[in-house]
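Peer 1: Before anything else, here's the structure in question.
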Amino acid sequence: MQPLTSAMTTLKKSLLAALKSVLRGRSFLQALLAFWISPKSIKEQHVNGKRLYPSRTIEEFLKEAETLLLGPVDGGGLRRYSSDLKRQFRERLHTHAECMLPSFNHLLPTGKERGQYLALDVGGSTLRVALVELRGREATERESEIVRMISFKITPEIKKLEGMSFFDWMAARIYDVIHKDISHDQDIIPMGLAWSFPVEQVSLGGGLLLGMGKGFLATNGLLGQDLGEIIKFACKKQGLNVQLAAIVNDSSATLLSQAYVHASTRFGLILGTGTNIAVHLPVSAFSRSKYGTRSENWFESASHVIVNTELGMFGKDILPLTRWDELLNTDHPRPDFQPLEHLLSGFYLGEICRLAVVEAVETAGLLGGQLPPSLQKPYSLDTEILSRMEADTSPTLEKALEHFTTHYPSATLPTVFDIAAIRTLAAFISRRSAALLAASVFSLWELRHETEAEQVKLTPTPSNDSAVVLPETETEAEMEEIEAAQAATPESTKVAFNGSVIEHYPQYRVTCQRYIDDLVARSEHPGSVDLVPALESSILGAAVALACATAK
């Protein structure tokens, strides 16, 4: 009887396996043939020459993934993490040369700046030259406008231009855009620049060139020279008398572009391939050493400063890491360099999901236990594909299935159940990212409240009989403008945002805002925090920075 029972059990398993194979697009007959030819193939998977047996169901795997990825950010976990993160922010106001970096931008726009401004945006693949018109904050929904802009592709050939040759190419493109708008006897043309590469800024409009990376050879022979002077010299050859008056990075430009529209904007957030946040903080929040070498005049005129947080560098030893995060970090060329970036940015979200998918294939039989060959390579699962899969909310997941099979073909066709499982993993990972980003914004919002209160305590109040007479450095009208620009309304603080993930990933912004609202509701500080889009922020921010720098 025992052999018969064993045979019946084996037959039952083969029939169940055959039924599953039908769902995977194989015929019942094909499945039975596969069983009779190789019975063990139904129960076993071979990975790297080793025999592995499914140790759990896909449902069990997803349940564990949900616990690992979302457990730490649910309940009070996110609040505890945000407190730890705020502590790290505070520590690095006084230490660490690579993050919490105070810029030279210390004035926010008043909203009364008006005129046309020349703005440049130099990125890894594109040079954009634009004329921007600022009309004032009262020109509702027409506050700023790009009058004319031309984008120039930075091809691999242009990237190979060495030294001044690259900047000569830039100057020629600037001439192409503005030569019809200037007269031959025109004085200096001020210019604002959004520069997406490392630079050691030494003034609002001056910075020493550092290596650009990304295949550029423009710094060959020019390292350590002033970027403003280089651009000025190149433009002279085109008959253009330009002066680089303001340099900003992408997050600072995002902040400034919306501060011109919304007076309560105090943050600029970037979340695309990478991530960063700029925040407006009191000068007194920092150790003097963090400011490097700058004139006493700067300190006399600045009460606040725009800060480049380099957000991605935070989070070491406080982030709730999964085994997939640890795998990513271990195999990274610079492990532990940007811990928070790994869990937030579009460059890494797909890889975290890929590592989880690989494990699910090997241990839970996802995708029939067969990993598509194109998914074996690290970083091959693009976050954009996950975004498209999450966007498909239909019962059949037809579009999600099409996106996955087009990019990751396999001899074993995935089922709707497979695609739903991958989509669920992606949702866990993107939701965790949104929660951790919300905690980052919230921690900086609380830090800003606290440092503002600390600055008030530090500010001396002169008595009526004081023998010290303070010089009047600004007119009454100018003081009103500065105070209006610096006084964020306690009811609402705006966070200007830009970047492909926060703009386009399904439900990301809504989820992030929901987490922010929940954290703020439990805070001792009053007010709200609202995410607001900042379109064309690099160009508009460079123009606003220029307007602030040249305001009379």
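Each chain in the structure tokens gets a letter, A, B and so on, in the order shown; residues start at 1 in every chain, and ligands are counted from 1 in the order they appear.
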Which residues in region 100-258 of chain A does DSSP call helix (DSSP H, G or I)? List them as a PyMOL selection string.

Peer 2: chain A and resi 156-159+164-181+227-236+250-258

Peer 1: Mind running region 81-119 of chain A against region 229-244 of chain A at 12 Å and telling me each contacting residue's nearest atom pair with the distance in Å (one decimal), counting only C-alpha atoms, chain and number ascending, as CSV?

Peer 2:
```
residue,atom,partner,partner_atom,distance
A:Tyr117,CA,A:Leu244,CA,11.8
A:Leu118,CA,A:Val242,CA,9.7
A:Ala119,CA,A:Leu244,CA,9.8
```

Peer 1: Can you pull out every residue within 6 Å of Gly272 (chain A), counting only C-alpha atoms, but drop anything in the same chain fewer than 2 positions away, and send it as a VMD selection string?

Peer 2: chain A and resid 274 346 499 to 501

Peer 1: Extract, using only C-alpha atoms, all DNA, RNA and protein residues at most 9 Å from Gly350 (chain A), discarding same-chain residues fewer than 6 positions from it, and format them as a PDB file with all heavy atoms, in the first residue's frame.

Peer 2:
```pdb
ATOM      1  N   TYR A 379      21.209  46.649 -10.658  1.00  0.00           N
ATOM      2  CA  TYR A 379      20.593  47.901 -11.112  1.00  0.00           C
ATOM      3  C   TYR A 379      19.873  47.757 -12.454  1.00  0.00           C
ATOM      4  O   TYR A 379      19.658  48.733 -13.148  1.00  0.00           O
ATOM      5  CB  TYR A 379      21.631  49.029 -11.174  1.00  0.00           C
ATOM      6  CG  TYR A 379      22.197  49.363  -9.819  1.00  0.00           C
ATOM      7  CD1 TYR A 379      23.365  48.748  -9.362  1.00  0.00           C
ATOM      8  CD2 TYR A 379      21.546  50.255  -8.972  1.00  0.00           C
ATOM      9  CE1 TYR A 379      23.876  49.016  -8.098  1.00  0.00           C
ATOM     10  CE2 TYR A 379      22.050  50.544  -7.709  1.00  0.00           C
ATOM     11  CZ  TYR A 379      23.213  49.919  -7.274  1.00  0.00           C
ATOM     12  OH  TYR A 379      23.703  50.197  -6.029  1.00  0.00           O
ATOM     13  N   SER A 380      19.512  46.541 -12.797  1.00  0.00           N
ATOM     14  CA  SER A 380      18.806  46.333 -14.062  1.00  0.00           C
ATOM     15  C   SER A 380      17.301  46.567 -13.947  1.00  0.00           C
ATOM     16  O   SER A 380      16.622  46.752 -14.955  1.00  0.00           O
ATOM     17  CB  SER A 380      19.067  44.908 -14.578  1.00  0.00           C
ATOM     18  OG  SER A 380      18.724  43.943 -13.594  1.00  0.00           O
ATOM     19  N   LEU A 381      16.764  46.564 -12.730  1.00  0.00           N
ATOM     20  CA  LEU A 381      15.337  46.834 -12.538  1.00  0.00           C
ATOM     21  C   LEU A 381      15.166  48.335 -12.333  1.00  0.00           C
ATOM     22  O   LEU A 381      15.411  48.874 -11.253  1.00  0.00           O
ATOM     23  CB  LEU A 381      14.786  46.057 -11.343  1.00  0.00           C
ATOM     24  CG  LEU A 381      13.275  46.201 -11.073  1.00  0.00           C
ATOM     25  CD1 LEU A 381      12.445  45.930 -12.324  1.00  0.00           C
ATOM     26  CD2 LEU A 381      12.842  45.282  -9.944  1.00  0.00           C
ATOM     27  N   ASP A 382      14.726  49.011 -13.377  1.00  0.00           N
ATOM     28  CA  ASP A 382      14.639  50.469 -13.368  1.00  0.00           C
ATOM     29  C   ASP A 382      13.445  50.924 -12.538  1.00  0.00           C
ATOM     30  O   ASP A 382      12.356  50.362 -12.616  1.00  0.00           O
ATOM     31  CB  ASP A 382      14.503  50.989 -14.803  1.00  0.00           C
ATOM     32  CG  ASP A 382      14.849  52.458 -14.921  1.00  0.00           C
ATOM     33  OD1 ASP A 382      14.204  53.266 -14.243  1.00  0.00           O
ATOM     34  OD2 ASP A 382      15.762  52.786 -15.701  1.00  0.00           O
ATOM     35  N   THR A 383      13.657  51.978 -11.750  1.00  0.00           N
ATOM     36  CA  THR A 383      12.567  52.531 -10.943  1.00  0.00           C
ATOM     37  C   THR A 383      11.417  53.009 -11.816  1.00  0.00           C
ATOM     38  O   THR A 383      10.249  52.946 -11.406  1.00  0.00           O
ATOM     39  CB  THR A 383      13.094  53.674 -10.053  1.00  0.00           C
ATOM     40  OG1 THR A 383      14.142  53.170  -9.205  1.00  0.00           O
ATOM     41  CG2 THR A 383      11.993  54.264  -9.188  1.00  0.00           C
ATOM     42  N   GLU A 384      11.721  53.468 -13.013  1.00  0.00           N
ATOM     43  CA  GLU A 384      10.656  53.909 -13.914  1.00  0.00           C
ATOM     44  C   GLU A 384       9.717  52.756 -14.283  1.00  0.00           C
ATOM     45  O   GLU A 384       8.504  52.943 -14.416  1.00  0.00           O
ATOM     46  CB  GLU A 384      11.249  54.516 -15.192  1.00  0.00           C
ATOM     47  CG  GLU A 384      10.185  55.082 -16.125  1.00  0.00           C
ATOM     48  CD  GLU A 384      10.758  55.697 -17.385  1.00  0.00           C
ATOM     49  OE1 GLU A 384      11.994  55.860 -17.465  1.00  0.00           O
ATOM     50  OE2 GLU A 384       9.969  56.021 -18.297  1.00  0.00           O
ATOM     51  N   ILE A 385      10.269  51.553 -14.442  1.00  0.00           N
ATOM     52  CA  ILE A 385       9.424  50.384 -14.733  1.00  0.00           C
ATOM     53  C   ILE A 385       8.510  50.098 -13.544  1.00  0.00           C
ATOM     54  O   ILE A 385       7.317  49.809 -13.705  1.00  0.00           O
ATOM     55  CB  ILE A 385      10.301  49.157 -15.043  1.00  0.00           C
ATOM     56  CG1 ILE A 385      11.189  49.425 -16.277  1.00  0.00           C
ATOM     57  CG2 ILE A 385       9.425  47.923 -15.291  1.00  0.00           C
ATOM     58  CD1 ILE A 385      10.418  49.752 -17.534  1.00  0.00           C
ATOM     59  N   LEU A 386       9.053  50.173 -12.335  1.00  0.00           N
ATOM     60  CA  LEU A 386       8.227  49.981 -11.146  1.00  0.00           C
ATOM     61  C   LEU A 386       7.123  51.026 -11.076  1.00  0.00           C
ATOM     62  O   LEU A 386       5.982  50.733 -10.703  1.00  0.00           O
ATOM     63  CB  LEU A 386       9.080  50.049  -9.883  1.00  0.00           C
ATOM     64  CG  LEU A 386      10.167  48.986  -9.723  1.00  0.00           C
ATOM     65  CD1 LEU A 386      10.876  49.159  -8.391  1.00  0.00           C
ATOM     66  CD2 LEU A 386       9.594  47.583  -9.843  1.00  0.00           C
ATOM     67  N   ALA A 426       7.134  46.641  -4.849  1.00  0.00           N
ATOM     68  CA  ALA A 426       7.448  48.012  -5.257  1.00  0.00           C
ATOM     69  C   ALA A 426       6.681  49.019  -4.413  1.00  0.00           C
ATOM     70  O   ALA A 426       7.217  50.064  -4.020  1.00  0.00           O
ATOM     71  CB  ALA A 426       7.125  48.206  -6.737  1.00  0.00           C
ATOM     72  N   ILE A 429       8.270  49.444  -1.021  1.00  0.00           N
ATOM     73  CA  ILE A 429       9.540  50.168  -1.105  1.00  0.00           C
ATOM     74  C   ILE A 429       9.305  51.658  -1.357  1.00  0.00           C
ATOM     75  O   ILE A 429       9.940  52.513  -0.734  1.00  0.00           O
ATOM     76  CB  ILE A 429      10.433  49.547  -2.190  1.00  0.00           C
ATOM     77  CG1 ILE A 429      10.878  48.146  -1.741  1.00  0.00           C
ATOM     78  CG2 ILE A 429      11.636  50.424  -2.490  1.00  0.00           C
ATOM     79  CD1 ILE A 429      11.434  47.289  -2.861  1.00  0.00           C
TER      80      ILE A 429
END
```

Peer 1: Find the spatial neighbours of Leu227 (chain A), counting only C-alpha atoms, within a cut-off of 12 Å - ignore same-chain residues fewer than 2 positions away - and output them as a count of residues only.

Peer 2: 36

Peer 1: As number ranges by chain, please: every residue in region 71-157 of chain A that DSSP puts in strand (DSSP E).

Peer 2: A: 101-102, 115-122, 126-134, 144-153

Peer 1: Might you pull out every residue within 9 Å of Phe61 (chain A), with only C-alpha atoms counted and same-chain residues fewer than 4 positions away left off, and present them as a PDB file with N, CA, C and O atoms, in the first residue's frame?

Peer 2:
```
ATOM      1  N   ARG A  56       8.889  28.643   1.386  1.00  0.00           N
ATOM      2  CA  ARG A  56       7.689  29.338   1.842  1.00  0.00           C
ATOM      3  C   ARG A  56       6.878  29.763   0.636  1.00  0.00           C
ATOM      4  O   ARG A  56       7.344  29.706  -0.502  1.00  0.00           O
ATOM      5  N   THR A  57       5.684  30.232   0.891  1.00  0.00           N
ATOM      6  CA  THR A  57       4.845  30.714  -0.205  1.00  0.00           C
ATOM      7  C   THR A  57       5.164  32.168  -0.499  1.00  0.00           C
ATOM      8  O   THR A  57       5.800  32.861   0.320  1.00  0.00           O
ATOM      9  N   ALA A  65       8.111  40.845   3.981  1.00  0.00           N
ATOM     10  CA  ALA A  65       8.617  42.065   3.352  1.00  0.00           C
ATOM     11  C   ALA A  65       7.879  43.293   3.879  1.00  0.00           C
ATOM     12  O   ALA A  65       8.481  44.334   4.141  1.00  0.00           O
ATOM     13  N   GLU A  66       6.567  43.169   4.029  1.00  0.00           N
ATOM     14  CA  GLU A  66       5.786  44.284   4.568  1.00  0.00           C
ATOM     15  C   GLU A  66       6.231  44.630   5.986  1.00  0.00           C
ATOM     16  O   GLU A  66       6.382  45.817   6.339  1.00  0.00           O
ATOM     17  N   ALA A 360      12.890  36.217  -3.637  1.00  0.00           N
ATOM     18  CA  ALA A 360      11.569  35.599  -3.768  1.00  0.00           C
ATOM     19  C   ALA A 360      11.571  34.513  -4.842  1.00  0.00           C
ATOM     20  O   ALA A 360      10.893  33.489  -4.712  1.00  0.00           O
ATOM     21  N   THR A 363      13.474  31.464  -3.139  1.00  0.00           N
ATOM     22  CA  THR A 363      12.956  30.841  -1.915  1.00  0.00           C
ATOM     23  C   THR A 363      11.444  30.661  -1.895  1.00  0.00           C
ATOM     24  O   THR A 363      10.943  29.898  -1.067  1.00  0.00           O
ATOM     25  N   ALA A 364      10.733  31.377  -2.786  1.00  0.00           N
ATOM     26  CA  ALA A 364       9.267  31.290  -2.747  1.00  0.00           C
ATOM     27  C   ALA A 364       8.662  30.932  -4.096  1.00  0.00           C
ATOM     28  O   ALA A 364       7.443  30.917  -4.245  1.00  0.00           O
TER      29      ALA A 364
END
```

Peer 1: For Ala253 (chain A), which residue among A:Glu398, A:Glu133, A:Asp121, A:Glu450 is the nearest when counting only C-alpha atoms?

Peer 2: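 Ranked by minimum distance to Ala253 (chain A), first place goes to A:Asp121.
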
Peer 1: Within 12 Å of Glu157 (chain A), counting only C-alpha atoms, which residues show up once you throw out same-chain ones fewer than 4 positions away? Write them as number ranges by chain, please.

Peer 2: A: 125, 153, 161-162, 165-166, 169, 215-218

Peer 1: For His407 (chain A), which of A:Leu375, A:Val132, A:Leu271, A:Leu436 is the closest residue, counting only C-alpha atoms?

Peer 2: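 The answer is A:Leu375, which sits nearest to His407 (chain A).
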